[in-house]
Amino acid sequence: MSLEYILEQCIIDRHLRIPISEARFKELANAREVLSAALAFEQRYELLLGNFLTMELAFSEIGLRAKVEPQYQYPAMAGFLEKANRHVVNLLTAMRSYADQVVQDFKCLELEPGFGAVAKSELSRAYDKSSDYRFMCGMRNHVQHKATAVHGFVANDESTGDANSWAESVKFIAHRSTLQGDRFFKTRLLDEQPEKIDIRRRARRSVREMGAVHLALREVAKDQVARARSVIANAIRDYQEAGAYSVVGLGARRVGYPDEDVPLFMDWDDVRLQLVEKNGSLPRLWPDRTHREPKVEQIVALREEVKHTQAQAAAMVFVSEERWQDYEDGLPMPEGLFILYKLRVGRHPTHALQILNVAAE
């Protein structure tokens, strides 16, 4: 007995039944599976970014309150720590969930090497590249099995020195000496960190690394995902061109096997496209750079040319090491500050500093 495959609406009213081949039915079923996997892939990344954004907002609110409504009682400070730990643990969980699940994604794609292998490779690259990401991976295991992530905080920090310093006036800290008490926390990960570890900064750089992983993996799957959407869109178009006045409830069916029905509509995949557009670039916390401000590559190149560490470079222009790190992470450096650094290291093209001999009074 030959099987029958059709395009048909699942509605009570009169509707068309259009025969299709078995091959087309299987193609539509596979396309639906690919788009479902693509949506889950994007939603998982959105969950990660959502937890990160919530953490940033919470930390900024704490900083603002510390400035406007200073609190010196222990219950208030304990509340800060509890709130910070909750958000950090949520972010760590979302990071771990993404890393664990993304290697299982897109098994329906025909790729060589497979998507899972590429995902493992990209995650390994991020781990090898970033000490911050390595630390946050270690911290995830620590909070799952041992203790909290945030051990204390430093309030009223003025190292940023600008009008928006309230947003980061409270730094939430993990103490390396405390983490060393966890014998399962890899020693080499802690050796890369200072005694007071700024959790917020490690989180920012880690999420950025995971963003790079996600964008790379999206590119791997892009062509086959686009083809899957086209396959379903063509089936909907063919049904409409056959004379259907609507496509509500449309599906591909194997007659007599309702459990194998393949729903054919695009609204749910439009959600994926919105997420792709929304999260189309790496997470950024810095304003756009103008043409007058130096590029990150220029800042790094000059510092490396004069063989300065980030701490040494920061000292030359009277900012904190962390602020210099921000400049190399993408925060626009004021033009005058870069000119000062050029002057201090003797690399300005037209001017030089002169040391004045001022007689002692």
# chains A, B, ... in the order shown; residues from 1 in each chain; ligands from 1
>>> residues_around(residues="A:Glu33", least_positions_apart="6", cutoff="9 Å", atoms="only C-alpha atoms", output="mmCIF file with C-alpha atoms, in the first residue's frame")
data_model
loop_
_atom_site.group_PDB
_atom_site.id
_atom_site.type_symbol
_atom_site.label_atom_id
_atom_site.label_comp_id
_atom_site.auth_asym_id
_atom_site.auth_seq_id
_atom_site.Cartn_x
_atom_site.Cartn_y
_atom_site.Cartn_z
ATOM 1 C CA PHE A 106 22.025 21.284 15.759
ATOM 2 C CA CYS A 108 20.147 17.736 12.602
ATOM 3 C CA ALA A 228 15.251 25.526 6.308
#
>>> residues_around(residues="A:Met316", least_positions_apart="5", cutoff="9 Å", atoms="only C-alpha atoms", output="list in words")
Ala311, Leu340, Tyr341, Arg344 and Val345 of chain A
>>> select_by_dssp(residues="stretch 15-213 of chain A", states="alpha helix (DSSP H)", output="VMD selection string")
chain A and resid 22 to 68 74 to 102 115 to 129 131 to 145 176 to 179 187 to 191 199 to 213
>>> select_by_dssp(residues="stretch 119-218 of chain A", states="strand (DSSP E or B)", output="list in words")
Gly152, Phe153, Val154, Lys171, Phe172, Ile173, Ala174, His175, Lys196, Ile197 and Asp198 of chain A
>>> write_last_selection(atoms="N, CA and C atoms", output="CSV table (one decimal), in the first residue's frame")
chain,number,residue,atom,x,y,z
A,152,GLY,N,33.0,40.1,49.7
A,152,GLY,CA,33.0,41.4,50.3
A,152,GLY,C,32.8,42.4,49.2
A,153,PHE,N,32.9,43.7,49.6
A,153,PHE,CA,32.9,44.8,48.6
A,153,PHE,C,33.7,46.0,49.1
A,154,VAL,N,34.1,46.8,48.1
A,154,VAL,CA,34.8,48.0,48.4
A,154,VAL,C,33.9,49.1,47.9
A,171,LYS,N,32.5,48.0,44.4
A,171,LYS,CA,33.1,46.8,43.7
A,171,LYS,C,32.9,45.6,44.6
A,172,PHE,N,32.3,44.6,43.9
A,172,PHE,CA,32.1,43.3,44.6
A,172,PHE,C,33.3,42.4,44.4
A,173,ILE,N,33.8,41.9,45.5
A,173,ILE,CA,35.1,41.3,45.5
A,173,ILE,C,35.0,39.8,45.9
A,174,ALA,N,35.8,38.9,45.2
A,174,ALA,CA,36.1,37.6,45.7
A,174,ALA,C,37.6,37.6,46.2
A,175,HIS,N,37.9,37.0,47.3
A,175,HIS,CA,39.2,37.0,47.9
A,175,HIS,C,39.9,35.7,47.4
A,196,LYS,N,42.4,40.6,45.6
A,196,LYS,CA,41.0,41.1,45.5
A,196,LYS,C,40.5,41.0,44.1
A,197,ILE,N,39.6,40.2,43.8
A,197,ILE,CA,39.2,39.9,42.4
A,197,ILE,C,37.8,40.6,42.2
A,198,ASP,N,37.8,41.5,41.2
A,198,ASP,CA,36.6,42.3,40.9
A,198,ASP,C,35.7,41.4,40.0
>>> residues_around(residues="A:Glu321", least_positions_apart="3", cutoff="10 Å", atoms="only C-alpha atoms", output="list in words")
Ser159, Thr309, Gln310, Ala311, Gln312, Ala313, Ala314, Ala315, Phe318, Trp324, Gln325, Asp326 and Tyr327 of chain A
>>> residues_around(residues="A:Arg17", least_positions_apart="4", cutoff="12 Å", atoms="only C-alpha atoms", output="ChimeraX atom specification")
/A:4-11,238-240,242-244,247,250-255
>>> closest_atom_pairs(of="stretch 195-230 of chain A", to="stretch 276-285 of chain A", cutoff="12 Å", atoms="only C-alpha atoms", output="Markdown table")
| residue | atom | partner | partner_atom | distance |
| --- | --- | --- | --- | --- |
| A:Arg201 | CA | A:Leu285 | CA | 11.2 |
| A:Ala203 | CA | A:Pro283 | CA | 11.7 |
| A:Arg204 | CA | A:Leu285 | CA | 8.6 |
| A:Arg205 | CA | A:Pro283 | CA | 9.5 |
| A:Ser206 | CA | A:Pro283 | CA | 10.5 |
| A:Val207 | CA | A:Pro283 | CA | 7.5 |
| A:Arg208 | CA | A:Pro283 | CA | 5.8 |
| A:Glu209 | CA | A:Leu282 | CA | 8.5 |
| A:Met210 | CA | A:Leu282 | CA | 8.9 |
| A:Gly211 | CA | A:Leu282 | CA | 5.5 |
| A:Ala212 | CA | A:Leu282 | CA | 6.4 |
| A:Val213 | CA | A:Leu282 | CA | 9.7 |
| A:His214 | CA | A:Leu282 | CA | 9.2 |
| A:Leu215 | CA | A:Ser281 | CA | 7.5 |
| A:Ala216 | CA | A:Ser281 | CA | 10.8 |
| A:Arg218 | CA | A:Val276 | CA | 8.9 |
| A:Glu219 | CA | A:Gly280 | CA | 10.9 |
| A:Lys222 | CA | A:Val276 | CA | 10.6 |
>>> write_last_selection(atoms="C-alpha atoms", output="compact mmCIF listing (two decimals), in the first residue's frame")
# COMPACT_ATOMS: atom_id res chain seq x y z
CA ARG A 201 34.89 42.96 35.52
CA ALA A 203 31.86 38.72 34.37
CA ARG A 204 31.92 41.42 31.68
CA ARG A 205 34.90 39.98 29.88
CA SER A 206 33.58 36.43 30.19
CA VAL A 207 30.21 37.31 28.69
CA ARG A 208 32.00 39.08 25.87
CA GLU A 209 34.01 35.91 25.18
CA MET A 210 30.84 33.84 25.17
CA GLY A 211 29.30 36.37 22.80
CA ALA A 212 32.19 35.79 20.41
CA VAL A 213 31.58 32.04 20.66
CA HIS A 214 27.89 32.48 19.91
CA LEU A 215 28.47 34.70 16.88
CA ALA A 216 30.99 32.22 15.48
CA ARG A 218 25.69 31.23 14.45
CA GLU A 219 27.83 31.75 11.34
CA LYS A 222 23.57 30.24 9.16
>>> atom_distance(atom1="atom CA of A:Leu49", atom2="atom CA of A:Ala119")
18.4 Å
>>> residues_around(residues="A:Ala29", least_positions_apart="5", cutoff="9 Å", atoms="only C-alpha atoms", output="list in words")
Arg24, Val34, Ala252, Glu260, Asp261, Val262 and Pro263 of chain A
>>> write_last_selection(atoms="all heavy atoms", output="PDB file, in the first residue's frame")
ATOM      1  N   ARG A  24       9.650  15.413  -0.180  1.00  0.00           N
ATOM      2  CA  ARG A  24       9.357  16.781   0.265  1.00  0.00           C
ATOM      3  C   ARG A  24       8.837  16.780   1.704  1.00  0.00           C
ATOM      4  O   ARG A  24       9.149  17.691   2.483  1.00  0.00           O
ATOM      5  CB  ARG A  24       8.343  17.449  -0.647  1.00  0.00           C
ATOM      6  CG  ARG A  24       8.219  18.946  -0.349  1.00  0.00           C
ATOM      7  CD  ARG A  24       7.341  19.692  -1.312  1.00  0.00           C
ATOM      8  NE  ARG A  24       7.480  21.129  -1.105  1.00  0.00           N
ATOM      9  CZ  ARG A  24       6.717  22.043  -1.711  1.00  0.00           C
ATOM     10  NH1 ARG A  24       5.759  21.663  -2.560  1.00  0.00           N
ATOM     11  NH2 ARG A  24       6.919  23.325  -1.470  1.00  0.00           N
ATOM     12  N   VAL A  34      15.296  21.885  12.191  1.00  0.00           N
ATOM     13  CA  VAL A  34      16.423  22.827  12.143  1.00  0.00           C
ATOM     14  C   VAL A  34      16.018  24.170  12.741  1.00  0.00           C
ATOM     15  O   VAL A  34      16.751  24.753  13.559  1.00  0.00           O
ATOM     16  CB  VAL A  34      16.919  23.005  10.699  1.00  0.00           C
ATOM     17  CG1 VAL A  34      17.904  24.161  10.609  1.00  0.00           C
ATOM     18  CG2 VAL A  34      17.574  21.728  10.200  1.00  0.00           C
ATOM     19  N   ALA A 252       2.212  19.751   6.936  1.00  0.00           N
ATOM     20  CA  ALA A 252       2.514  18.631   6.050  1.00  0.00           C
ATOM     21  C   ALA A 252       2.116  17.366   6.799  1.00  0.00           C
ATOM     22  O   ALA A 252       2.475  17.191   7.966  1.00  0.00           O
ATOM     23  CB  ALA A 252       3.989  18.611   5.698  1.00  0.00           C
ATOM     24  N   GLU A 260       2.781  12.372  13.132  1.00  0.00           N
ATOM     25  CA  GLU A 260       3.910  12.818  12.321  1.00  0.00           C
ATOM     26  C   GLU A 260       3.640  14.155  11.627  1.00  0.00           C
ATOM     27  O   GLU A 260       4.463  14.615  10.833  1.00  0.00           O
ATOM     28  CB  GLU A 260       4.266  11.754  11.281  1.00  0.00           C
ATOM     29  CG  GLU A 260       4.731  10.437  11.893  1.00  0.00           C
ATOM     30  CD  GLU A 260       5.147   9.432  10.820  1.00  0.00           C
ATOM     31  OE1 GLU A 260       5.408   9.855   9.674  1.00  0.00           O
ATOM     32  OE2 GLU A 260       5.213   8.234  11.143  1.00  0.00           O
ATOM     33  N   ASP A 261       2.494  14.782  11.913  1.00  0.00           N
ATOM     34  CA  ASP A 261       2.174  16.068  11.281  1.00  0.00           C
ATOM     35  C   ASP A 261       3.278  17.091  11.525  1.00  0.00           C
ATOM     36  O   ASP A 261       3.850  17.168  12.631  1.00  0.00           O
ATOM     37  CB  ASP A 261       0.859  16.621  11.818  1.00  0.00           C
ATOM     38  CG  ASP A 261      -0.356  15.889  11.265  1.00  0.00           C
ATOM     39  OD1 ASP A 261      -0.158  14.923  10.499  1.00  0.00           O
ATOM     40  OD2 ASP A 261      -1.488  16.269  11.614  1.00  0.00           O
ATOM     41  N   VAL A 262       3.583  17.882  10.505  1.00  0.00           N
ATOM     42  CA  VAL A 262       4.605  18.926  10.594  1.00  0.00           C
ATOM     43  C   VAL A 262       3.921  20.286  10.447  1.00  0.00           C
ATOM     44  O   VAL A 262       3.524  20.666   9.340  1.00  0.00           O
ATOM     45  CB  VAL A 262       5.675  18.772   9.489  1.00  0.00           C
ATOM     46  CG1 VAL A 262       6.736  19.863   9.619  1.00  0.00           C
ATOM     47  CG2 VAL A 262       6.308  17.391   9.551  1.00  0.00           C
ATOM     48  N   PRO A 263       3.740  21.043  11.540  1.00  0.00           N
ATOM     49  CA  PRO A 263       3.110  22.374  11.430  1.00  0.00           C
ATOM     50  C   PRO A 263       3.958  23.295  10.557  1.00  0.00           C
ATOM     51  O   PRO A 263       5.190  23.315  10.661  1.00  0.00           O
ATOM     52  CB  PRO A 263       3.064  22.870  12.878  1.00  0.00           C
ATOM     53  CG  PRO A 263       3.191  21.627  13.715  1.00  0.00           C
ATOM     54  CD  PRO A 263       4.061  20.704  12.932  1.00  0.00           C
TER      55      PRO A 263
END
>>> closest_residue(among="A:Thr290, A:Ser169, A:Phe184, A:Ala352", to="A:Ser60", atoms="only C-alpha atoms")
A:Ser169
>>> residues_around(residues="A:Val300", least_positions_apart="5", cutoff="9 Å", atoms="only C-alpha atoms", output="ChimeraX atom specification")
/A:295,305,328
>>> closest_residue(among="A:Asn30, A:His308, A:Thr350, A:Phe265", to="A:Ala235", atoms="only C-alpha atoms")
A:Phe265
>>> residues_around(residues="A:Pro332", least_positions_apart="3", cutoff="8 Å", atoms="only C-alpha atoms", output="list in words")
Trp286, Pro287, Asp288, Arg289, Glu293, Pro294, Lys295 and Tyr327 of chain A
